[in-house]
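Student: The structure is given below, and queries will be raised subsequently.
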Amino acid sequence: ESLKAVWEQFHALCQAGKVRAAWAVENGLAEAVMKMSFGNQIGFRAEGEAARDWYAPQVGALVAELTEDAACGMKLGVTTAEPVIDLGADAAPIDELLTLNEAVLEDVYPNHAAAEPAAVPVLEAPAFTRAAPKVGVKQPKVLIPVFPGTNCEYDSARAVLRAGLTPEILVVNNQSSQDVAESVKRFAKAARDSQIIFLPGGFSGGDEPEGSGKFITAFFRNPEAADATMELLKKRDGLMLGICNGFQALIKLGLVPYGEIIDTDETCPTLTFNVIGRHQSRIVRTRIASNRSPWLSRVQVGDVVSVPISHGEGRFLCSEELLGKLAENGQIATQYVDLSGVPTLDIEGNPNGSVWAVEGITSPDGRVLGKMGHAERVGPALYKNVPGQYDLGLFDAAKDYFSL
């Protein structure tokens, strides 16, 4: 009961806007203070009880940075501009602690990879014209097919709704061949009633066997599903979006960069395992390299937009010759950049090692966009502790497209 009372007091502080940052204590106060300092390099200096045990378990405790003193709890210390954690009897720079913390399992689960020495071109392809629909639609409908392993359908539907579009989540049933066939029919019918198809993120089929998006591509290669998709894109000037797992499927179908469902081969681009061989989940920065796609009408070339990523197979590979053609056509939409806004192969900015730092590409006419970053996971009150511009405007741009 006493613990619950403390948490209710803390909740009241949150509602009053008096909590800047907080951490649920796991293995002692020292760890909590250290990990709170890692994200933004804000230091800490202990005050008060000199004999406090910083390493004792504190089950149920919370450490919070407040805007003002509060009557509840005990004051541990103050934040400092100097990036040092000072517990009184012990002090260390934040960078040193972060290096030690990340190095513990570096040999087993690497966080770092040697950066490629090759320079990355800074791409510039401003819009001179964009594809436009023949017929406007007041409230476009977005079809969101859900495959076994998809896990971003609700985030996707929420982002679509916020922009004033109408989402329809369609669950693909694969319990039997008959169920799959019926799902294809339901999809084809829904696609003909929609203006946009949105392939959300996840791990379709567990990303096995032999790579991600395989079940999605098999589904879309069914003639009925393929015909409905191409009719939406070619005859009704519709749009298509694939994020993360959806991007993987678009690439393996050929919808990006070719704009058609084709039989891909070794000459086509692909997405493969990240250079460190495991999953990456964090915020990255991307630079708009081309805004010729209708999906990117709300941003300008050169804009830097932060985006959350979460993938194990996001490394874009492509031949130099095809890369040059894509860049010339303005089909390379976004590139991973460092803190200075410069495209990079360093893993600190480029989480998967994509060539030319490619994060997203489009079809030739721009109506199909595929990207790794989860633009649908951006919303009010998120990522407050990671500064940056997060509004890519994808879904608002789609609404604009059909309002023309």
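Each chain in the structure tokens gets a letter, A, B, ..., in the order shown, and its residues are numbered from 1; ligands are numbered from 1 in order too.
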With only C-alpha atoms as the counted atoms, please give the residues lying no more than 8 Å from region 359-373 of chain A, apart from itself and same-chain residues fewer than 3 positions off, as JSON, numbers by chain.
Tutor: {"A": [130, 131, 233, 237, 238, 239, 240, 241, 242, 243, 244, 245, 246, 247, 248, 250, 251, 255, 256, 257, 258, 259, 286, 292, 293, 294, 295, 307, 308, 309, 310, 311, 314, 316, 329, 331, 332, 333, 334, 335, 336, 354]}
Student: Could you list, as a PyMOL selection string, every residue within 9 Å of Ala56 (chain A), counting only C-alpha atoms and ignoring same-chain residues fewer than 4 positions away?
Tutor: chain A and resi 27-30
Student: For the residues in the current selection, export C-alpha atoms as a PDB file, in the first residue's frame.
Tutor:
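Result went into out18.pdb, see below:
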ATOM      1  CA  ASN A  27      19.824  -2.690  -9.876  1.00  0.00           C
ATOM      2  CA  GLY A  28      20.406   0.303  -7.647  1.00  0.00           C
ATOM      3  CA  LEU A  29      20.388   4.075  -7.773  1.00  0.00           C
ATOM      4  CA  ALA A  30      23.837   4.330  -9.402  1.00  0.00           C
TER       5      ALA A  30
END
Student: Rank A:His112, A:Arg186, A:Lys399, A:Lys214 by their smallest atom-to-atom distance to Pro148 (chain A), using only C-alpha atoms, and report the top residue only.
Tutor: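 Smallest distance to Pro148 (chain A) is found for A:Lys214.
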Student: Using only C-alpha atoms for the distances, tell me which of A:Thr150, A:Asn222, A:Ser319, A:Ser183 is nearest to Asp207 (chain A).
Tutor: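 Of all the options, A:Thr150 lies closest to Asp207 (chain A).
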Student: Applying 12 Å and only C-alpha atoms, which residues near Ala71 (chain A) remain after dropping the ones on its own chain fewer than 6 positions away? List them as a PyMOL selection string.
Tutor: chain A and resi 6+9-10+13
Student: Take the residues just selected and output them with all heavy atoms as a PDB file, in the first residue's frame.
Tutor:
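Below is the file out-v8.pdb, written as the result:
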ATOM      1  N   VAL A   6       3.184   5.940  -3.068  1.00  0.00           N
ATOM      2  CA  VAL A   6       4.309   6.685  -3.640  1.00  0.00           C
ATOM      3  C   VAL A   6       4.133   6.835  -5.149  1.00  0.00           C
ATOM      4  O   VAL A   6       4.347   7.901  -5.721  1.00  0.00           O
ATOM      5  CB  VAL A   6       5.640   5.981  -3.311  1.00  0.00           C
ATOM      6  CG1 VAL A   6       6.790   6.589  -4.124  1.00  0.00           C
ATOM      7  CG2 VAL A   6       5.932   6.087  -1.824  1.00  0.00           C
ATOM      8  N   GLN A   9       1.658   9.437  -5.947  1.00  0.00           N
ATOM      9  CA  GLN A   9       2.236  10.774  -5.802  1.00  0.00           C
ATOM     10  C   GLN A   9       3.079  11.132  -7.026  1.00  0.00           C
ATOM     11  O   GLN A   9       3.027  12.249  -7.533  1.00  0.00           O
ATOM     12  CB  GLN A   9       3.118  10.827  -4.546  1.00  0.00           C
ATOM     13  CG  GLN A   9       2.337  10.879  -3.239  1.00  0.00           C
ATOM     14  CD  GLN A   9       3.264  10.946  -2.048  1.00  0.00           C
ATOM     15  OE1 GLN A   9       4.105  10.068  -1.848  1.00  0.00           O
ATOM     16  NE2 GLN A   9       3.133  11.989  -1.251  1.00  0.00           N
ATOM     17  N   PHE A  10       3.856  10.158  -7.505  1.00  0.00           N
ATOM     18  CA  PHE A  10       4.690  10.387  -8.681  1.00  0.00           C
ATOM     19  C   PHE A  10       3.818  10.648  -9.915  1.00  0.00           C
ATOM     20  O   PHE A  10       4.113  11.542 -10.717  1.00  0.00           O
ATOM     21  CB  PHE A  10       5.599   9.174  -8.915  1.00  0.00           C
ATOM     22  CG  PHE A  10       6.388   9.252 -10.184  1.00  0.00           C
ATOM     23  CD1 PHE A  10       7.454  10.141 -10.306  1.00  0.00           C
ATOM     24  CD2 PHE A  10       6.072   8.447 -11.267  1.00  0.00           C
ATOM     25  CE1 PHE A  10       8.185  10.226 -11.486  1.00  0.00           C
ATOM     26  CE2 PHE A  10       6.795   8.532 -12.448  1.00  0.00           C
ATOM     27  CZ  PHE A  10       7.851   9.416 -12.547  1.00  0.00           C
ATOM     28  N   LEU A  13       2.711  14.130  -9.966  1.00  0.00           N
ATOM     29  CA  LEU A  13       3.778  15.028 -10.412  1.00  0.00           C
ATOM     30  C   LEU A  13       3.873  15.037 -11.940  1.00  0.00           C
ATOM     31  O   LEU A  13       4.071  16.081 -12.560  1.00  0.00           O
ATOM     32  CB  LEU A  13       5.111  14.605  -9.801  1.00  0.00           C
ATOM     33  CG  LEU A  13       5.304  14.842  -8.299  1.00  0.00           C
ATOM     34  CD1 LEU A  13       6.591  14.172  -7.822  1.00  0.00           C
ATOM     35  CD2 LEU A  13       5.348  16.336  -7.992  1.00  0.00           C
TER      36      LEU A  13
END
Student: Could you check which of A:Glu208, A:Asp95, A:Glu376, A:Asp107 is closest to Phe38 (chain A), using only C-alpha atoms?
Tutor: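 Using only C-alpha atoms, the shortest distance to Phe38 (chain A) belongs to A:Asp95.
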Student: What lies within 12 Å of Leu98 (chain A) using only C-alpha atoms, ignoring chain neighbours under 2 positions off, as a VMD selection string?
Tutor: chain A and resid 31 34 to 41 83 to 85 92 to 96 100 to 104 111
Student: Could you save the residues just selected, with N, CA and C atoms, as a compact mmCIF listing (two decimals), in the first residue's frame?
Tutor:
# COMPACT_ATOMS: atom_id res chain seq x y z
N GLU A 31 23.02 2.79 -11.10
CA GLU A 31 22.69 2.38 -12.47
C GLU A 31 21.62 3.31 -13.05
N MET A 34 23.15 6.62 -13.98
CA MET A 34 24.06 6.44 -15.11
C MET A 34 23.27 6.33 -16.42
N LYS A 35 22.27 5.47 -16.46
CA LYS A 35 21.54 5.25 -17.69
C LYS A 35 20.68 6.46 -18.08
N MET A 36 20.21 7.20 -17.09
CA MET A 36 19.48 8.43 -17.41
C MET A 36 20.41 9.46 -18.05
N SER A 37 21.70 9.41 -17.72
CA SER A 37 22.66 10.38 -18.25
C SER A 37 23.16 10.02 -19.64
N PHE A 38 23.07 8.73 -20.01
CA PHE A 38 23.62 8.30 -21.30
C PHE A 38 22.96 8.99 -22.48
N GLY A 39 21.65 9.16 -22.44
CA GLY A 39 20.92 9.61 -23.62
C GLY A 39 21.24 11.01 -24.06
N ASN A 40 21.43 11.93 -23.11
CA ASN A 40 21.61 13.33 -23.49
C ASN A 40 22.85 13.97 -22.89
N GLN A 41 23.71 13.15 -22.26
CA GLN A 41 25.00 13.64 -21.73
C GLN A 41 24.84 14.71 -20.65
N PRO A 83 29.46 16.84 -18.31
CA PRO A 83 29.06 15.43 -18.52
C PRO A 83 29.83 14.46 -17.62
N VAL A 84 29.59 14.58 -16.33
CA VAL A 84 30.25 13.75 -15.32
C VAL A 84 29.21 13.29 -14.32
N ILE A 85 29.31 12.03 -13.88
CA ILE A 85 28.46 11.53 -12.79
C ILE A 85 29.31 11.50 -11.53
N ALA A 92 32.99 9.83 -12.50
CA ALA A 92 33.51 9.39 -13.79
C ALA A 92 32.80 10.12 -14.92
N PRO A 93 33.51 10.39 -16.03
CA PRO A 93 32.86 11.01 -17.20
C PRO A 93 31.81 10.07 -17.80
N ILE A 94 30.75 10.64 -18.33
CA ILE A 94 29.67 9.84 -18.92
C ILE A 94 30.19 9.02 -20.10
N ASP A 95 31.02 9.61 -20.96
CA ASP A 95 31.55 8.88 -22.12
C ASP A 95 32.32 7.64 -21.70
N GLU A 96 33.10 7.76 -20.63
CA GLU A 96 33.88 6.61 -20.14
C GLU A 96 32.95 5.50 -19.65
N LEU A 100 32.44 1.66 -21.26
CA LEU A 100 32.53 0.45 -20.42
C LEU A 100 31.25 -0.37 -20.50
N ASN A 101 30.13 0.32 -20.45
CA ASN A 101 28.83 -0.36 -20.45
C ASN A 101 28.59 -1.12 -21.75
N GLU A 102 28.93 -0.49 -22.89
CA GLU A 102 28.68 -1.12 -24.19
C GLU A 102 29.71 -2.18 -24.53
N ALA A 103 30.87 -2.14 -23.87
CA ALA A 103 31.96 -3.06 -24.22
C ALA A 103 31.82 -4.44 -23.58
N VAL A 104 30.92 -4.58 -22.61
CA VAL A 104 30.83 -5.83 -21.85
C VAL A 104 30.64 -7.04 -22.76
N ASN A 111 28.17 -3.74 -31.01
CA ASN A 111 27.43 -2.51 -31.24
C ASN A 111 28.07 -1.68 -32.34
Student: Quick one: DSSP alpha helix (DSSP H) residues in region 13-110 of chain A, as a PyMOL selection string?
Tutor: chain A and resi 13-15+29-38+94-103
Student: Produce a file of the selected residues containing N, CA and C atoms, as a compact mmCIF listing (two decimals), in the first residue's frame.
Tutor:
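Dumped everything to out33.txt:
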# COMPACT_ATOMS: atom_id res chain seq x y z
N LEU A 13 2.71 14.13 -9.97
CA LEU A 13 3.78 15.03 -10.41
C LEU A 13 3.87 15.04 -11.94
N CYS A 14 3.74 13.84 -12.54
CA CYS A 14 3.77 13.74 -14.00
C CYS A 14 2.63 14.54 -14.63
N GLN A 15 1.43 14.36 -14.09
CA GLN A 15 0.27 15.06 -14.63
C GLN A 15 0.39 16.57 -14.48
N LEU A 29 20.51 2.68 -7.36
CA LEU A 29 20.39 4.07 -7.77
C LEU A 29 21.51 4.50 -8.73
N ALA A 30 22.72 3.94 -8.54
CA ALA A 30 23.84 4.33 -9.40
C ALA A 30 23.55 3.99 -10.86
N GLU A 31 23.02 2.79 -11.10
CA GLU A 31 22.69 2.38 -12.47
C GLU A 31 21.62 3.31 -13.05
N ALA A 32 20.62 3.64 -12.25
CA ALA A 32 19.54 4.50 -12.74
C ALA A 32 20.08 5.86 -13.17
N VAL A 33 20.89 6.48 -12.33
CA VAL A 33 21.46 7.79 -12.65
C VAL A 33 22.35 7.70 -13.89
N MET A 34 23.15 6.62 -13.98
CA MET A 34 24.06 6.44 -15.11
C MET A 34 23.27 6.33 -16.42
N LYS A 35 22.27 5.47 -16.46
CA LYS A 35 21.54 5.25 -17.69
C LYS A 35 20.68 6.46 -18.08
N MET A 36 20.21 7.20 -17.09
CA MET A 36 19.48 8.43 -17.41
C MET A 36 20.41 9.46 -18.05
N SER A 37 21.70 9.41 -17.72
CA SER A 37 22.66 10.38 -18.25
C SER A 37 23.16 10.02 -19.64
N PHE A 38 23.07 8.73 -20.01
CA PHE A 38 23.62 8.30 -21.30
C PHE A 38 22.96 8.99 -22.48
N ILE A 94 30.75 10.64 -18.33
CA ILE A 94 29.67 9.84 -18.92
C ILE A 94 30.19 9.02 -20.10
N ASP A 95 31.02 9.61 -20.96
CA ASP A 95 31.55 8.88 -22.12
C ASP A 95 32.32 7.64 -21.70
N GLU A 96 33.10 7.76 -20.63
CA GLU A 96 33.88 6.61 -20.14
C GLU A 96 32.95 5.50 -19.65
N LEU A 97 31.91 5.89 -18.92
CA LEU A 97 30.96 4.90 -18.41
C LEU A 97 30.20 4.23 -19.56
N LEU A 98 29.82 5.01 -20.58
CA LEU A 98 29.09 4.46 -21.72
C LEU A 98 29.96 3.46 -22.47
N THR A 99 31.23 3.78 -22.66
CA THR A 99 32.15 2.87 -23.34
C THR A 99 32.28 1.56 -22.57
N LEU A 100 32.44 1.66 -21.26
CA LEU A 100 32.53 0.45 -20.42
C LEU A 100 31.25 -0.37 -20.50
N ASN A 101 30.13 0.32 -20.45
CA ASN A 101 28.83 -0.36 -20.45
C ASN A 101 28.59 -1.12 -21.75
N GLU A 102 28.93 -0.49 -22.89
CA GLU A 102 28.68 -1.12 -24.19
C GLU A 102 29.71 -2.18 -24.53
N ALA A 103 30.87 -2.14 -23.87
CA ALA A 103 31.96 -3.06 -24.22
C ALA A 103 31.82 -4.44 -23.58
Student: Under the rule that only C-alpha atoms are counted, which of A:Ala51, A:Val299, A:Ile196, A:Leu62 is the nearest residue to Ala397 (chain A)?
Tutor: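 Ranked by minimum distance to Ala397 (chain A), first place goes to A:Val299.
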Student: When you look at region 189-191 of chain A with a cut-off of 7 Å (counting only C-alpha atoms), what residues show up, excluding the ones that are within fewer than 2 positions of it in the same chain? I need them as a list of chain:residue names.
Tutor: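 So, after excluding close chain neighbours, the residues are A:Leu143, A:Lys185, A:Arg186, A:Phe187, A:Asp193, A:Ser194, A:Ala228, A:Thr229.
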Student: Write a file of the just-selected residues containing N, CA and C atoms, as an mmCIF file, in the first residue's frame.
Tutor:
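What follows is the written file result34.cif:
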data_model
loop_
_atom_site.group_PDB
_atom_site.id
_atom_site.type_symbol
_atom_site.label_atom_id
_atom_site.label_comp_id
_atom_site.auth_asym_id
_atom_site.auth_seq_id
_atom_site.Cartn_x
_atom_site.Cartn_y
_atom_site.Cartn_z
ATOM 1 N N LEU A 143 -5.737 0.495 -47.434
ATOM 2 C CA LEU A 143 -5.818 -0.938 -47.137
ATOM 3 C C LEU A 143 -4.518 -1.384 -46.477
ATOM 4 N N LYS A 185 -8.940 -13.306 -52.312
ATOM 5 C CA LYS A 185 -10.179 -12.729 -52.855
ATOM 6 C C LYS A 185 -10.615 -11.509 -52.038
ATOM 7 N N ARG A 186 -10.532 -11.631 -50.708
ATOM 8 C CA ARG A 186 -10.911 -10.500 -49.852
ATOM 9 C C ARG A 186 -9.984 -9.310 -50.102
ATOM 10 N N PHE A 187 -8.688 -9.613 -50.255
ATOM 11 C CA PHE A 187 -7.723 -8.545 -50.515
ATOM 12 C C PHE A 187 -8.023 -7.862 -51.843
ATOM 13 N N ASP A 193 -11.526 -1.225 -53.768
ATOM 14 C CA ASP A 193 -12.307 -0.192 -53.076
ATOM 15 C C ASP A 193 -11.406 0.819 -52.368
ATOM 16 N N SER A 194 -10.081 0.701 -52.531
ATOM 17 C CA SER A 194 -9.129 1.552 -51.825
ATOM 18 C C SER A 194 -8.335 2.411 -52.797
ATOM 19 N N ALA A 228 -5.022 -6.831 -58.868
ATOM 20 C CA ALA A 228 -5.699 -5.783 -58.100
ATOM 21 C C ALA A 228 -4.713 -4.688 -57.696
ATOM 22 N N THR A 229 -3.490 -5.087 -57.352
ATOM 23 C CA THR A 229 -2.462 -4.121 -56.957
ATOM 24 C C THR A 229 -2.055 -3.237 -58.124
#
Student: Taking the backbone alone, and naming residues the way the document does, which bits of region 26-64 of chain A are strand (DSSP E or B) by DSSP, as a list of chain:residue names?
Tutor: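 Going through region 26-64 of chain A, the strand (DSSP E or B) residues come out as A:Gly43, A:Phe44, A:Arg45, A:Ala46, A:Leu62, A:Val63, A:Ala64.
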Student: Save out the residues we just selected, all heavy atoms, as a PDB file, in the first residue's frame.
Tutor:
ATOM      1  N   GLY A  43      25.012  15.692 -16.911  1.00  0.00           N
ATOM      2  CA  GLY A  43      25.712  15.142 -15.758  1.00  0.00           C
ATOM      3  C   GLY A  43      24.867  15.140 -14.492  1.00  0.00           C
ATOM      4  O   GLY A  43      23.732  15.620 -14.462  1.00  0.00           O
ATOM      5  N   PHE A  44      25.460  14.581 -13.428  1.00  0.00           N
ATOM      6  CA  PHE A  44      24.753  14.470 -12.142  1.00  0.00           C
ATOM      7  C   PHE A  44      25.763  14.646 -11.009  1.00  0.00           C
ATOM      8  O   PHE A  44      26.881  14.113 -11.067  1.00  0.00           O
ATOM      9  CB  PHE A  44      24.083  13.095 -12.027  1.00  0.00           C
ATOM     10  CG  PHE A  44      23.487  12.820 -10.671  1.00  0.00           C
ATOM     11  CD1 PHE A  44      22.225  13.300 -10.339  1.00  0.00           C
ATOM     12  CD2 PHE A  44      24.196  12.097  -9.716  1.00  0.00           C
ATOM     13  CE1 PHE A  44      21.687  13.061  -9.082  1.00  0.00           C
ATOM     14  CE2 PHE A  44      23.656  11.847  -8.460  1.00  0.00           C
ATOM     15  CZ  PHE A  44      22.397  12.335  -8.143  1.00  0.00           C
ATOM     16  N   ARG A  45      25.359  15.395  -9.971  1.00  0.00           N
ATOM     17  CA  ARG A  45      26.183  15.554  -8.757  1.00  0.00           C
ATOM     18  C   ARG A  45      25.335  15.229  -7.535  1.00  0.00           C
ATOM     19  O   ARG A  45      24.255  15.795  -7.341  1.00  0.00           O
ATOM     20  CB  ARG A  45      26.720  16.970  -8.648  1.00  0.00           C
ATOM     21  CG  ARG A  45      27.678  17.154  -7.457  1.00  0.00           C
ATOM     22  CD  ARG A  45      28.233  18.562  -7.367  1.00  0.00           C
ATOM     23  NE  ARG A  45      27.199  19.540  -7.021  1.00  0.00           N
ATOM     24  CZ  ARG A  45      26.728  20.453  -7.849  1.00  0.00           C
ATOM     25  NH1 ARG A  45      27.170  20.510  -9.102  1.00  0.00           N
ATOM     26  NH2 ARG A  45      25.793  21.300  -7.466  1.00  0.00           N
ATOM     27  N   ALA A  46      25.802  14.269  -6.751  1.00  0.00           N
ATOM     28  CA  ALA A  46      25.059  13.841  -5.567  1.00  0.00           C
ATOM     29  C   ALA A  46      25.068  14.923  -4.497  1.00  0.00           C
ATOM     30  O   ALA A  46      26.030  15.679  -4.346  1.00  0.00           O
ATOM     31  CB  ALA A  46      25.668  12.561  -5.013  1.00  0.00           C
ATOM     32  N   LEU A  62      11.680   4.727  -7.919  1.00  0.00           N
ATOM     33  CA  LEU A  62      11.749   5.534  -9.138  1.00  0.00           C
ATOM     34  C   LEU A  62      12.727   6.670  -8.913  1.00  0.00           C
ATOM     35  O   LEU A  62      12.749   7.272  -7.838  1.00  0.00           O
ATOM     36  CB  LEU A  62      10.375   6.128  -9.477  1.00  0.00           C
ATOM     37  CG  LEU A  62       9.235   5.152  -9.753  1.00  0.00           C
ATOM     38  CD1 LEU A  62       7.904   5.885  -9.725  1.00  0.00           C
ATOM     39  CD2 LEU A  62       9.433   4.481 -11.100  1.00  0.00           C
ATOM     40  N   VAL A  63      13.551   6.953  -9.912  1.00  0.00           N
ATOM     41  CA  VAL A  63      14.403   8.134  -9.890  1.00  0.00           C
ATOM     42  C   VAL A  63      13.826   9.103 -10.908  1.00  0.00           C
ATOM     43  O   VAL A  63      13.569   8.722 -12.055  1.00  0.00           O
ATOM     44  CB  VAL A  63      15.861   7.781 -10.242  1.00  0.00           C
ATOM     45  CG1 VAL A  63      16.677   9.061 -10.415  1.00  0.00           C
ATOM     46  CG2 VAL A  63      16.476   6.930  -9.143  1.00  0.00           C
ATOM     47  N   ALA A  64      13.613  10.334 -10.499  1.00  0.00           N
ATOM     48  CA  ALA A  64      13.004  11.315 -11.396  1.00  0.00           C
ATOM     49  C   ALA A  64      13.748  12.634 -11.337  1.00  0.00           C
ATOM     50  O   ALA A  64      14.201  13.066 -10.272  1.00  0.00           O
ATOM     51  CB  ALA A  64      11.541  11.533 -11.014  1.00  0.00           C
TER      52      ALA A  64
END
Student: Write out as a VMD selection string which residues come within 6 Å of Asn291 (chain A) when counting only C-alpha atoms, dropping same-chain ones fewer than 3 positions away.
Tutor: chain A and resid 126 to 127 296
Student: Go ahead and write the residues just picked, N, CA, C and O atoms, as a PDB file, in the first residue's frame.
Tutor:
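Output file out_38.pdb follows:
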ATOM      1  N   PRO A 126      15.487  17.655 -56.354  1.00  0.00           N
ATOM      2  CA  PRO A 126      14.247  18.376 -56.027  1.00  0.00           C
ATOM      3  C   PRO A 126      13.161  18.122 -57.059  1.00  0.00           C
ATOM      4  O   PRO A 126      13.433  17.822 -58.217  1.00  0.00           O
ATOM      5  N   ALA A 127      11.920  18.245 -56.615  1.00  0.00           N
ATOM      6  CA  ALA A 127      10.780  17.971 -57.498  1.00  0.00           C
ATOM      7  C   ALA A 127      10.648  19.040 -58.573  1.00  0.00           C
ATOM      8  O   ALA A 127      10.678  20.229 -58.282  1.00  0.00           O
ATOM      9  N   LEU A 296       6.286  12.568 -50.491  1.00  0.00           N
ATOM     10  CA  LEU A 296       7.257  13.470 -49.862  1.00  0.00           C
ATOM     11  C   LEU A 296       7.017  14.927 -50.221  1.00  0.00           C
ATOM     12  O   LEU A 296       7.926  15.747 -50.183  1.00  0.00           O
TER      13      LEU A 296
END
Student: Report as a PyMOL selection string all protein, DNA and RNA residues lying within 12 Å of Gly48 (chain A), evaluated on only C-alpha atoms, omitting residues in the same chain fewer than 3 positions from it.
Tutor: chain A and resi 45+51-52+74-78+87-88
Student: For the residues selected in the previous step, produce a file with C-alpha atoms as a PDB file, in the first residue's frame.
Tutor:
ATOM      1  CA  ARG A  45      26.183  15.554  -8.757  1.00  0.00           C
ATOM      2  CA  ALA A  51      26.757   7.414   3.319  1.00  0.00           C
ATOM      3  CA  ARG A  52      23.949   6.506   0.884  1.00  0.00           C
ATOM      4  CA  MET A  74      14.275  12.044  -1.066  1.00  0.00           C
ATOM      5  CA  LYS A  75      16.570  14.334  -3.027  1.00  0.00           C
ATOM      6  CA  LEU A  76      19.545  12.506  -4.537  1.00  0.00           C
ATOM      7  CA  GLY A  77      21.302  15.447  -6.151  1.00  0.00           C
ATOM      8  CA  VAL A  78      21.221  17.859  -9.090  1.00  0.00           C
ATOM      9  CA  LEU A  87      28.385  10.271  -6.456  1.00  0.00           C
ATOM     10  CA  GLY A  88      30.625  11.961  -3.888  1.00  0.00           C
TER      11      GLY A  88
END
Student: Restricting the calculation to only C-alpha atoms: of A:Phe128, A:Phe273, A:Tyr390, A:Phe402, which residue gets closest to Asn352 (chain A)?
Tutor: A:Phe273
Student: Let me make sure I understand: among A:Gly60, A:Asp227, A:Ile283, A:Gly379, which one has the smallest atom-to-atom distance to Glu1 (chain A) if we use only C-alpha atoms?
Tutor: A:Gly60
